[in-house]
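Contents: one structure, followed by commentary.
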Amino acid sequence: MGLTIGVDIGGTKIAAGVVDEEGSILETCTVQTPHATEALTEAIAEAVRTVGAGHHVEAVGIGAAGYVDEKRATVLFAPNIDWRHEPLKDKVEQRVGLPVVVENDANAAAWGEYRFGAGQGHSDVICITLGTGLGGGIIIGNKLRRGRFGVAAEFGHIRVVPDGLLCGCGSQGCWEQYASGRALLRYARQRAFATPENAQILLSLGDGTSEGIEGRHVSEAARQGDPVAIDSFRELARWAGAGLADLASLFDPSAFIVGGGVSDEGELVLGPIRKSFRRWLVGNQYRPHAQVLAAQLGGKAGLVGAADLARQG
C-alpha cells in the first residue's frame, strides 16, 4: 500500500497528514475541533478530504483518545469527547469513501516511534507519553499488543498509591496523578507556596503567586536553575522511573521510549527517570537493563503511527 492519511484528534485542533511508506509526511492540514459529536465527525472527514486532494490515498488511520474496541472501529469511551460506543470507522468511511482504521492515540504514537523513531531496531518496546496525563503503548514481538478487548496499555490508570489522589477516571492513586504534566505543575505550586525563597525565578515568570504558575513556567525556571522547578522535575521523574521498573517486571522490553510534552525537556527529566528506574528495578544488579530513550517524532508520532497502522490494515 502506498500513501495513507493519519489523523490526530486533539482538544483544540484536528491534524491530518499524508504519509508515505517511509513515515515521511508529505502534506498536512489542521481544522478546529468542534464539541458536538456529529460536527466532530464531519470535521475529521473535512480534514481528510482537504489534505488528500491531489494525492492517491488508499486508507485513513485515526488516533483518538479513549478506549477503542478490538475491531479498531468503535470508540467505546472517550474521556474528553462525548463519544460512547461511537461507530467512528463507519461514519468516517461513509463520508470519505476510503477504508478507515481507528486506534487509541497513545497506541498510534507508540507505533509511530517503533516504526520510524526511537524504537527502530527493537522488537520489544514499551512507550509512555508524559503529557497532561500518562498514556502508553506495548509492542512485543514486533506487534502492537492491544489486549483481548482493545483497551490495553492504559498505564496512567495503574493504581500506585492505595487511596491516593483522586483521578479524573474516578479511581484514586493512579500513576498519572504522580507522573504527568499535571502532576509536575502541582509539585511546583506546592513547593513554591511552601518555600517561596527557593522559587524566586519560578514565581517571577508568573504573577508572583504559586497559583499563577503554569506548566511552561516550570520548564523555563528549571532551565534557569530554579531549585523548586528542578526539584519538581525530579519528583515527577522519581515516580516515572519507579513505574517503568514495574513495567519491566511485566514486559521485560529492550527499550522504554518516553514521549509527551514533559519529555521535551530532555536530560532534565530523562536523566532522573533513568536513575529512578535503576533504583527500583528488581534484581537490577543481576539482569540486563532496558534502555530509556527519548521519543524522536514529537507531536507527529500519533499522526504518523495512525497512518502506518492504516497501511497495515
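Residue numbers start at 1 in each chain; chains themselves are named A, B, ... in the order of the C-alpha cells; ligands are numbered from 1 in the order shown.
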Report as CSV: every residue of range 191-298 of chain A with an atom at most 6 Å from range 165-182 of chain A, its closest pair of atoms, and their distance in Å to one decimal, counting only C-alpha atoms, with rows sorted by chain and ascending residue number.
residue,atom,partner,partner_atom,distance
A:Leu236,CA,A:Ala179,CA,5.0
A:Trp239,CA,A:Ala179,CA,5.7
A:Ala240,CA,A:Ala179,CA,5.4
Using only C-alpha atoms, which residues sit within 6 Å of Pro272 in chain A once same-chain residues fewer than 3 positions away are excluded, as an MDAnalysis selection string?
chainID A and resid 237 269 275
Determine, counting only C-alpha atoms, which protein, DNA and RNA residues have an atom within 10 Å of an atom of Arg223 in chain A; residues of the same chain fewer than 6 positions away are not included. Present the result as number ranges by chain.
A: 217, 229-230, 265, 268
Using DSSP on the backbone coordinates, identify the residues of range 138-206 of chain A assigned to strand (DSSP E); present them as a PyMOL selection string.
chain A and resi 138-140+143-144
Give me a file of those residues, with N, CA and C atoms, as a compact mmCIF listing (two decimals), in the first residue's frame.
# COMPACT_ATOMS: atom_id res chain seq x y z
N ILE A 138 2.23 -0.81 23.85
CA ILE A 138 3.01 -2.04 24.03
C ILE A 138 3.31 -2.64 22.66
N ILE A 139 4.58 -2.79 22.35
CA ILE A 139 4.99 -3.54 21.15
C ILE A 139 5.85 -4.70 21.62
N ILE A 140 5.37 -5.90 21.44
CA ILE A 140 6.09 -7.12 21.82
C ILE A 140 6.16 -8.02 20.60
N LYS A 143 4.82 -6.57 17.28
CA LYS A 143 3.39 -6.39 17.11
C LYS A 143 2.83 -5.48 18.20
N LEU A 144 1.89 -4.62 17.80
CA LEU A 144 1.19 -3.78 18.76
C LEU A 144 0.22 -4.65 19.54
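For range 31-69 of chain A, a DSSP pass over the backbone yields helix (DSSP H, G or I) at Thr37, Glu38, Ala39, Leu40, Thr41, Glu42, Ala43, Ile44, Ala45, Glu46, Ala47, Val48, Arg49, Thr50, Val51 and Gly52 of chain A.
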